Amino acid sequence: MAERIHITTAIFYCNGAPHVGSAYEALAADVFARHQRRKLGRENVSFLSGTDEHGDKIRRAALAQGLTPQAYTDKMSALFDEAFRGLGVSYDYWVRTTDGVHQEWVREMLRRTHARGDIYFRDYEGQYCVDCERFYTDKELLPANVCPVHHRPVELISEGNYFLRLEKYREQVLEHIRRNPDFIRPERYRNEALNMLAEPLADLCISRPKSRLDWGVELPFDSNYITYVWYDAFWAYVSHPASRDPEFRDKVWPNTEHFIGKDILKTHAVYWPAILLAADWPLFKHLNVHGWLNFGGARMSKSSGNVRDPVSYEQAFGADVLRYFVMREVVYGLDGDFSEERLVERYNAELANDLGNLASRVLAMAARYFQGEITATPGAGGEEIDRNLCEAFRAAPARAGAMVDELAFNRGLDAVWQALDAANKYIVATSPFTLAKDPDKLPRVAQILAHLLEGLRVIAATLEPFMPRQAQKILDLLGLDEAAAYVPFGAGLKRGDRVKPALALFPRIDKKDRAK
RNA sequence: GGCGGCGUAGCUCAGUUGGUUAGAGCAUGCGGCUCAUAUCCGCAGUGUCGUAGGUUCGACUCCUACCGCCGCCA
């Protein structure tokens with residue numbers, strides 16, 4: 001029986017519009033998910049994303065626009081959903097933390113954890129920052145009791161609250177990370193997590209009194225309180241699929257791949273595992289941590305004003321071009337730089353000249369010399385140069401797939417481009433356009449084109465996770481349906497198949513045009 | 001203050017357990033082809049591999065110190 005896996009992005013806190021940074025995370029998870037579906041079968045992969053909609057920041061953002069929190073989050077969640085769908089992000093679940101199924105699930109987990117004795121009540125006094133929605137110790141604060149993140153004064157608040165016994169699970173989480181070297185990847189973040197778990201942990205406050213904040217999930221064991229936003233949000237990874245499928249907990253959840261940004265490493269490497277264990281849930285498989293997407297060298301953030309709207313890039317270049325660029329340019333786990341100039345450079349050199357032009361010249365020759373008909377057997381080459389080319393086409397998908405499994409998206413694309421290079425060199429070396437002038441040599445030309453067309457087919461199939469629409473366009477040009485498109489090299493196109501005339505898949509971008 | 005990372009060709013970066021004249025892509029110059037989106041192919045480069053020491057027959061790779069940039073924790 002095939003393995004079933006679960007893939008998640010972070011649940012986006014929707015107090016502002018989505019930007020290229022959040023799109024990057026969704027795109028990385030989507031490329032991974034699409035690849036896994038090809039590998040494991042559509043029905044064995046569930047891919048989840050959604051919005052985190054509770055908490056004080058949301059409530060205040062809503063008020064600022066004269067909306068109720070619910071009306072505000074309806075609007076914002078739809079905005080995220082539309083932006084991601086427009087980029088081709090293919091999640092199976094779009095979870096909102098304000099929906100009924102989710103809230104009931106959170107209450108059930110609270111009940112369960114409380115019954116196990118891992119949630120307790122005590123009085124607490126501390127310096128509270130409304131923007132961070134958390135308490136600070138005195139030494140964490142800047143002079144004059146100012147929040148180190150927002151540089152705004154904190155408030156001294158005294159209240160009773162519910163706490164989760166974090167320290168109780170610290171050793172267990174630590175041990176799990178030690179025994180599973182790739183639990184948190186890349187390794188640099190694993191080391192940081194081990195550091196965080198090296199010292200005793202203060203228990204985690206998971207409630208807020210309704211008198212102060214009522215926009216959240218009510219505690220099942222005390223109606224005067226709601227749960228703190230993080231406790232609620234984590235369970236969004238679980239609530240819907242677990243409510244739908246009783247086998248989810250044991251058969252699917254342990255194979256979960258979380259995609260998160262490095263800013264929320266601590267919550268996902270320390271709090272979330274403890275929350276799971278306290279609720280008697282197993283741990284997930286991997287925490288896949290990515291870096292920042294900078295813009296022109298500067299950190300992209302709302303305060304610096306260089307936040308870029310992913311939709312504007314989608315309109316300018318197309319979703320697939322944006323997807324290709326961020327996956328090719330950024331090393332997963334490290335910070336990357338988003339620059340429009342780099343994007344145009346890569347577009348022209350790699351998409352237009354290498355990929356687009358290869359498709360164009362091969363299809364043009366097939367149309368010109370054989371009216372689009374394949375009159376030789378693809379993949380069954382006689383000469384050494386043919387066998388070498390076919391080997392390149394066989395190796396590329398395997399290599400690319402292995403790289404995506406390891407989150408090395410840029411190297412996966414590099415593997416595909418090695419096959420493209422081999423194809424372009426093969427054309428020059430065999431010169432089918434010269435052979436075609438001699439009618440006796442047309443059988444050889446047919447053989448050359450058959451290999452190239454089948455190679456193009458494999459390349460399109462391999463690129464599908466990265467550029468789903470353009471890949472489909474190439475497969476359409478080759479006249480293939482879904483069943484024939486995603487098979488190993490040599491098993492796709494057959495003698496007698498017909499392909500369509502060439503067209504420019506990626507028209508070159510003139511830099512001068514874009515400058516104005 | 002503690003822990004960790006990075007510093008390689010003009011630009012962006014590869015260099016997997018130390019082993020022959022240190023690589024790729026982009027950009028630049030020259031040549032070839034004409035099927036193709038003025039595309040493709042070939043050739044040509046340039047480097048005190050952050051600095052100074054050390055270990056070794058041999059160091060971009062290991063060790064120490066320092067300089068610069070950055071991250072996490074406190």
# chains A, B, ... in the order shown; residues from 1 in each chain; ligands from 1

$ residues_around --residues "region 35-42 of chain B" --least-positions-apart "2" --cutoff "10 Å" --atoms "only C-alpha atoms (C1' of nucleotides)" --output "PyMOL selection string"
(chain A and resi 348+352-354+356-366+368+421+424-429+431-434+436+502-509) or (chain B and resi 31-33)

$ closest_residue --among "A:Asn410, A:Tyr486, A:Leu265, A:Asp510" --to "C13 (chain B)" --atoms "only C-alpha atoms (C1' of nucleotides)"
A:Asn410

$ residues_around --residues "Ala29 (chain A)" --least-positions-apart "6" --cutoff "10 Å" --atoms "only C-alpha atoms (C1' of nucleotides)" --output "VMD selection string"
chain A and resid 7 to 10 23 35 47 to 49 89 to 91 257 to 260 288 407

$ closest_residue --among "A:Leu452, A:Ala484, A:Ala415, A:Ala193" --to "chain B" --atoms "only C-alpha atoms (C1' of nucleotides)"
A:Ala193

$ residues_around --residues "A65 (chain B)" --least-positions-apart "6" --cutoff "12 Å" --atoms "only C-alpha atoms (C1' of nucleotides)" --output "ChimeraX atom specification"
/B:51-54

$ closest_residue --among "B:C30, B:C60, B:C3, B:A74" --to "G47 (chain B)" --atoms "only C-alpha atoms (C1' of nucleotides)"
B:C60

$ atom_distance --atom1 "CA of Pro181 (chain A)" --atom2 "CA of Leu194 (chain A)"
11.0 Å

$ closest_residue --among "A:Leu219, A:Ile275, A:Leu389, A:Met196" --to "chain B" --atoms "only C-alpha atoms (C1' of nucleotides)"
A:Met196

$ closest_residue --among "B:C11, B:C6, B:A22, B:C70" --to "C49 (chain B)" --atoms "only C-alpha atoms (C1' of nucleotides)"
B:A22

$ residues_around --residues "Arg185 (chain A)" --least-positions-apart "4" --cutoff "10 Å" --atoms "only C-alpha atoms (C1' of nucleotides)" --output "short mmCIF file (atom, residue, chain, number, x, y, z; two decimals) with all heavy atoms, in the first residue's frame"
data_model
loop_
_atom_site.label_atom_id
_atom_site.label_comp_id
_atom_site.auth_asym_id
_atom_site.auth_seq_id
_atom_site.Cartn_x
_atom_site.Cartn_y
_atom_site.Cartn_z
N PRO A 181 17.75 13.06 12.72
CA PRO A 181 18.60 14.18 12.30
C PRO A 181 17.95 15.09 11.25
O PRO A 181 18.30 16.26 11.16
CB PRO A 181 19.82 13.48 11.69
CG PRO A 181 19.81 12.11 12.27
CD PRO A 181 18.38 11.77 12.50
N TYR A 189 18.91 24.97 11.11
CA TYR A 189 17.77 25.27 11.96
C TYR A 189 17.59 24.20 13.03
O TYR A 189 17.07 24.46 14.10
CB TYR A 189 16.50 25.44 11.10
CG TYR A 189 16.63 26.61 10.16
CD1 TYR A 189 16.68 26.44 8.79
CD2 TYR A 189 16.75 27.91 10.67
CE1 TYR A 189 16.82 27.53 7.94
CE2 TYR A 189 16.90 29.00 9.83
CZ TYR A 189 16.94 28.80 8.46
OH TYR A 189 17.09 29.87 7.63
N ARG A 190 18.01 22.99 12.70
CA ARG A 190 18.00 21.92 13.71
C ARG A 190 18.89 22.31 14.88
O ARG A 190 18.52 22.16 16.04
CB ARG A 190 18.51 20.62 13.07
CG ARG A 190 18.68 19.49 14.04
CD ARG A 190 19.15 18.23 13.31
NE ARG A 190 19.17 17.10 14.22
CZ ARG A 190 20.26 16.67 14.84
NH1 ARG A 190 21.41 17.29 14.66
NH2 ARG A 190 20.20 15.63 15.65
N ASN A 191 20.06 22.83 14.56
CA ASN A 191 20.98 23.25 15.62
C ASN A 191 20.38 24.36 16.48
O ASN A 191 20.54 24.36 17.70
CB ASN A 191 22.30 23.73 15.00
CG ASN A 191 23.05 22.57 14.34
OD1 ASN A 191 22.87 21.42 14.71
ND2 ASN A 191 23.85 22.90 13.34
N HIS A 286 8.60 16.10 9.14
CA HIS A 286 9.65 17.09 8.88
C HIS A 286 9.16 18.51 9.10
O HIS A 286 8.01 18.84 8.79
CB HIS A 286 10.13 17.01 7.42
CG HIS A 286 10.93 15.80 7.10
ND1 HIS A 286 10.73 15.06 5.96
CD2 HIS A 286 11.95 15.19 7.76
CE1 HIS A 286 11.58 14.05 5.93
NE2 HIS A 286 12.32 14.10 7.01
N LEU A 287 10.07 19.32 9.59
CA LEU A 287 9.84 20.76 9.62
C LEU A 287 10.80 21.34 8.58
O LEU A 287 12.02 21.29 8.75
CB LEU A 287 10.17 21.29 11.02
CG LEU A 287 9.68 22.67 11.41
CD1 LEU A 287 8.17 22.77 11.27
CD2 LEU A 287 10.08 22.98 12.85
N ASN A 288 10.25 21.83 7.48
CA ASN A 288 11.07 22.31 6.36
C ASN A 288 11.14 23.83 6.41
O ASN A 288 10.21 24.52 6.01
CB ASN A 288 10.47 21.83 5.04
CG ASN A 288 10.32 20.33 4.99
OD1 ASN A 288 11.27 19.60 5.25
ND2 ASN A 288 9.12 19.85 4.69
N VAL A 289 12.26 24.34 6.90
CA VAL A 289 12.35 25.77 7.20
C VAL A 289 13.01 26.55 6.07
O VAL A 289 14.09 26.18 5.60
CB VAL A 289 13.18 25.98 8.49
CG1 VAL A 289 13.14 27.43 8.92
CG2 VAL A 289 12.67 25.07 9.61
N HIS A 290 12.36 27.60 5.63
CA HIS A 290 12.95 28.44 4.57
C HIS A 290 13.33 29.81 5.12
O HIS A 290 12.94 30.19 6.22
CB HIS A 290 11.99 28.59 3.39
CG HIS A 290 10.71 29.30 3.72
ND1 HIS A 290 10.62 30.66 3.82
CD2 HIS A 290 9.47 28.82 4.00
CE1 HIS A 290 9.37 30.99 4.13
NE2 HIS A 290 8.66 29.90 4.26
N TYR A 332 16.58 26.75 -1.05
CA TYR A 332 15.63 26.57 0.04
C TYR A 332 16.37 26.51 1.37
O TYR A 332 17.34 25.76 1.52
CB TYR A 332 14.79 25.31 -0.15
CG TYR A 332 13.62 25.27 0.79
CD1 TYR A 332 12.42 25.88 0.47
CD2 TYR A 332 13.72 24.66 2.03
CE1 TYR A 332 11.36 25.88 1.34
CE2 TYR A 332 12.66 24.66 2.93
CZ TYR A 332 11.48 25.28 2.57
OH TYR A 332 10.43 25.30 3.45
N GLY A 333 15.91 27.29 2.32
CA GLY A 333 16.55 27.33 3.64
C GLY A 333 17.39 28.57 3.83
O GLY A 333 17.57 29.02 4.95
N GLU A 406 14.46 16.45 -1.49
CA GLU A 406 15.38 17.05 -0.53
C GLU A 406 15.22 18.55 -0.42
O GLU A 406 16.05 19.23 0.19
CB GLU A 406 16.84 16.76 -0.95
CG GLU A 406 17.25 15.32 -0.80
CD GLU A 406 18.68 15.11 -1.30
OE1 GLU A 406 19.48 16.07 -1.27
OE2 GLU A 406 18.98 13.99 -1.75
N LEU A 407 14.20 19.08 -1.07
CA LEU A 407 13.90 20.52 -1.05
C LEU A 407 14.93 21.35 -1.83
O LEU A 407 14.94 22.56 -1.72
CB LEU A 407 13.83 21.07 0.39
CG LEU A 407 12.96 20.27 1.36
CD1 LEU A 407 13.13 20.81 2.77
CD2 LEU A 407 11.50 20.32 0.95
#

$ atom_distance --atom1 "CA of Arg208 (chain A)" --atom2 "CA of His240 (chain A)"
24.6 Å

$ atom_distance --atom1 "CA of Leu283 (chain A)" --atom2 "CA of Trp253 (chain A)"
7.7 Å

$ closest_residue --among "A:Gln70, A:Gln447, A:Asn195, A:Thr98" --to "chain B" --atoms "only C-alpha atoms (C1' of nucleotides)"
A:Asn195

$ residues_around --residues "region 222-236 of chain A" --least-positions-apart "3" --cutoff "8 Å" --atoms "only C-alpha atoms (C1' of nucleotides)" --output "ChimeraX atom specification"
/A:11,50,52,54-55,95-97,102-103,105-106,205-211,213-219,239-240,272,275

$ write_last_selection --atoms "N, CA and C atoms" --output "CSV table (one decimal), in the first residue's frame"
chain,number,residue,atom,x,y,z
A,11,ILE,N,-0.1,28.6,8.6
A,11,ILE,CA,-1.5,29.1,8.4
A,11,ILE,C,-1.3,30.6,8.5
A,50,GLY,N,-4.1,27.8,4.7
A,50,GLY,CA,-5.3,28.5,5.2
A,50,GLY,C,-4.9,29.8,6.0
A,52,ASP,N,-5.1,32.1,9.6
A,52,ASP,CA,-5.2,32.2,11.1
A,52,ASP,C,-5.9,33.5,11.4
A,54,HIS,N,-7.8,34.6,14.4
A,54,HIS,CA,-8.2,35.1,15.7
A,54,HIS,C,-7.1,36.0,16.2
A,55,GLY,N,-7.4,36.6,17.4
A,55,GLY,CA,-6.4,37.4,18.1
A,55,GLY,C,-6.7,38.9,18.0
A,95,VAL,N,-8.1,26.0,5.1
A,95,VAL,CA,-8.7,26.0,6.5
A,95,VAL,C,-8.7,27.4,7.0
A,96,ARG,N,-9.8,27.8,7.6
A,96,ARG,CA,-10.0,29.0,8.3
A,96,ARG,C,-10.2,28.7,9.8
A,97,THR,N,-9.4,29.4,10.6
A,97,THR,CA,-9.5,29.1,12.1
A,97,THR,C,-10.8,29.5,12.7
A,102,HIS,N,-13.1,23.5,12.7
A,102,HIS,CA,-11.9,23.7,13.3
A,102,HIS,C,-12.0,24.1,14.8
A,103,GLN,N,-12.9,25.0,15.1
A,103,GLN,CA,-13.1,25.4,16.5
A,103,GLN,C,-13.5,24.2,17.4
A,105,TRP,N,-12.7,21.2,16.9
A,105,TRP,CA,-11.6,20.3,17.1
A,105,TRP,C,-10.6,20.9,18.2
A,106,VAL,N,-10.4,22.2,18.1
A,106,VAL,CA,-9.5,22.9,19.1
A,106,VAL,C,-10.1,22.6,20.5
A,205,CYS,N,1.6,30.1,28.3
A,205,CYS,CA,0.3,30.6,28.6
A,205,CYS,C,-0.6,30.4,27.3
A,206,ILE,N,-1.7,29.7,27.5
A,206,ILE,CA,-2.5,29.5,26.3
A,206,ILE,C,-3.9,30.1,26.4
A,207,SER,N,-4.1,31.0,27.3
A,207,SER,CA,-5.5,31.6,27.4
A,207,SER,C,-5.4,33.1,27.5
A,208,ARG,N,-6.6,33.7,27.2
A,208,ARG,CA,-6.8,35.1,27.5
A,208,ARG,C,-8.2,35.3,28.1
A,209,PRO,N,-8.3,36.2,29.1
A,209,PRO,CA,-9.6,36.4,29.6
A,209,PRO,C,-10.5,37.1,28.6
A,210,LYS,N,-11.7,36.7,28.5
A,210,LYS,CA,-12.6,37.4,27.6
A,210,LYS,C,-12.8,38.8,27.8
A,211,SER,N,-12.6,39.2,29.1
A,211,SER,CA,-12.8,40.6,29.4
A,211,SER,C,-11.8,41.5,28.6
A,213,LEU,N,-10.1,40.1,25.6
A,213,LEU,CA,-10.1,39.7,24.2
A,213,LEU,C,-11.1,38.6,24.0
A,214,ASP,N,-12.1,38.8,23.2
A,214,ASP,CA,-13.1,37.8,23.0
A,214,ASP,C,-13.1,37.2,21.6
A,215,TRP,N,-12.2,37.6,20.8
A,215,TRP,CA,-12.1,37.1,19.4
A,215,TRP,C,-11.2,35.9,19.4
A,216,GLY,N,-11.8,34.7,19.7
A,216,GLY,CA,-11.1,33.5,19.7
A,216,GLY,C,-12.0,32.3,20.1
A,217,VAL,N,-11.3,31.1,20.3
A,217,VAL,CA,-12.1,29.9,20.6
A,217,VAL,C,-12.2,29.8,22.1
A,218,GLU,N,-13.5,29.7,22.6
A,218,GLU,CA,-13.7,29.6,24.0
A,218,GLU,C,-13.2,28.3,24.6
A,219,LEU,N,-12.6,28.4,25.8
A,219,LEU,CA,-12.1,27.2,26.5
A,219,LEU,C,-13.3,26.3,26.9
A,239,SER,N,-7.2,19.8,12.1
A,239,SER,CA,-8.6,19.8,12.4
A,239,SER,C,-9.5,19.2,11.3
A,240,HIS,N,-9.3,19.7,10.1
A,240,HIS,CA,-10.2,19.3,9.0
A,240,HIS,C,-9.9,17.8,8.5
A,272,TRP,N,4.8,23.5,19.3
A,272,TRP,CA,3.9,22.6,18.6
A,272,TRP,C,4.2,21.1,18.9
A,275,ILE,N,2.7,20.6,22.3
A,275,ILE,CA,1.2,20.7,22.3
A,275,ILE,C,0.7,19.3,21.8

$ select_by_dssp --residues "region 125-354 of chain A" --states "alpha helix (DSSP H)" --output "VMD selection string"
chain A and resid 167 to 179 187 to 196 229 to 234 239 to 244 265 to 266 272 to 278 310 to 317 319 to 329 340 to 346

$ residues_around --residues "G4 (chain B)" --least-positions-apart "5" --cutoff "9 Å" --atoms "only C-alpha atoms (C1' of nucleotides)" --output "ChimeraX atom specification"
/A:188,191-192 /B:71-72

$ select_by_dssp --residues "region 261-489 of chain A" --states "strand (DSSP E or B)" --output "list of chain:residue names"
A:Gly261, A:His286, A:Leu287, A:Asn288, A:Val289, A:His290, A:Leu293, A:Asn294, A:Phe295, A:Ala298, A:Gly336, A:Asp337, A:Phe338, A:Glu373

$ write_last_selection --atoms "N, CA and C atoms" --output "compact mmCIF listing (two decimals), in the first residue's frame"
# COMPACT_ATOMS: atom_id res chain seq x y z
N GLY A 261 8.51 29.48 7.62
CA GLY A 261 9.61 30.44 7.54
C GLY A 261 10.42 30.41 8.82
N HIS A 286 8.60 16.10 9.14
CA HIS A 286 9.65 17.09 8.88
C HIS A 286 9.16 18.51 9.10
N LEU A 287 10.07 19.32 9.59
CA LEU A 287 9.84 20.76 9.62
C LEU A 287 10.80 21.34 8.58
N ASN A 288 10.25 21.83 7.48
CA ASN A 288 11.07 22.31 6.36
C ASN A 288 11.14 23.83 6.41
N VAL A 289 12.26 24.34 6.90
CA VAL A 289 12.35 25.77 7.20
C VAL A 289 13.01 26.55 6.07
N HIS A 290 12.36 27.60 5.63
CA HIS A 290 12.95 28.44 4.57
C HIS A 290 13.33 29.81 5.12
N LEU A 293 12.68 36.12 1.74
CA LEU A 293 12.82 36.54 0.36
C LEU A 293 13.02 38.05 0.40
N ASN A 294 14.24 38.46 0.13
CA ASN A 294 14.53 39.89 0.14
C ASN A 294 14.18 40.51 -1.21
N PHE A 295 14.14 41.81 -1.22
CA PHE A 295 13.81 42.49 -2.48
C PHE A 295 14.88 43.51 -2.78
N ALA A 298 17.15 44.16 0.18
CA ALA A 298 16.59 44.61 1.46
C ALA A 298 15.49 43.66 1.92
N GLY A 336 16.86 34.56 0.08
CA GLY A 336 17.02 34.75 -1.36
C GLY A 336 16.71 36.18 -1.73
N ASP A 337 17.08 36.54 -2.92
CA ASP A 337 16.82 37.91 -3.35
C ASP A 337 15.91 37.91 -4.56
N PHE A 338 14.82 38.65 -4.44
CA PHE A 338 13.90 38.77 -5.56
C PHE A 338 14.22 40.07 -6.28
N GLU A 373 3.98 14.32 -38.11
CA GLU A 373 3.84 12.91 -37.76
C GLU A 373 5.18 12.32 -37.29
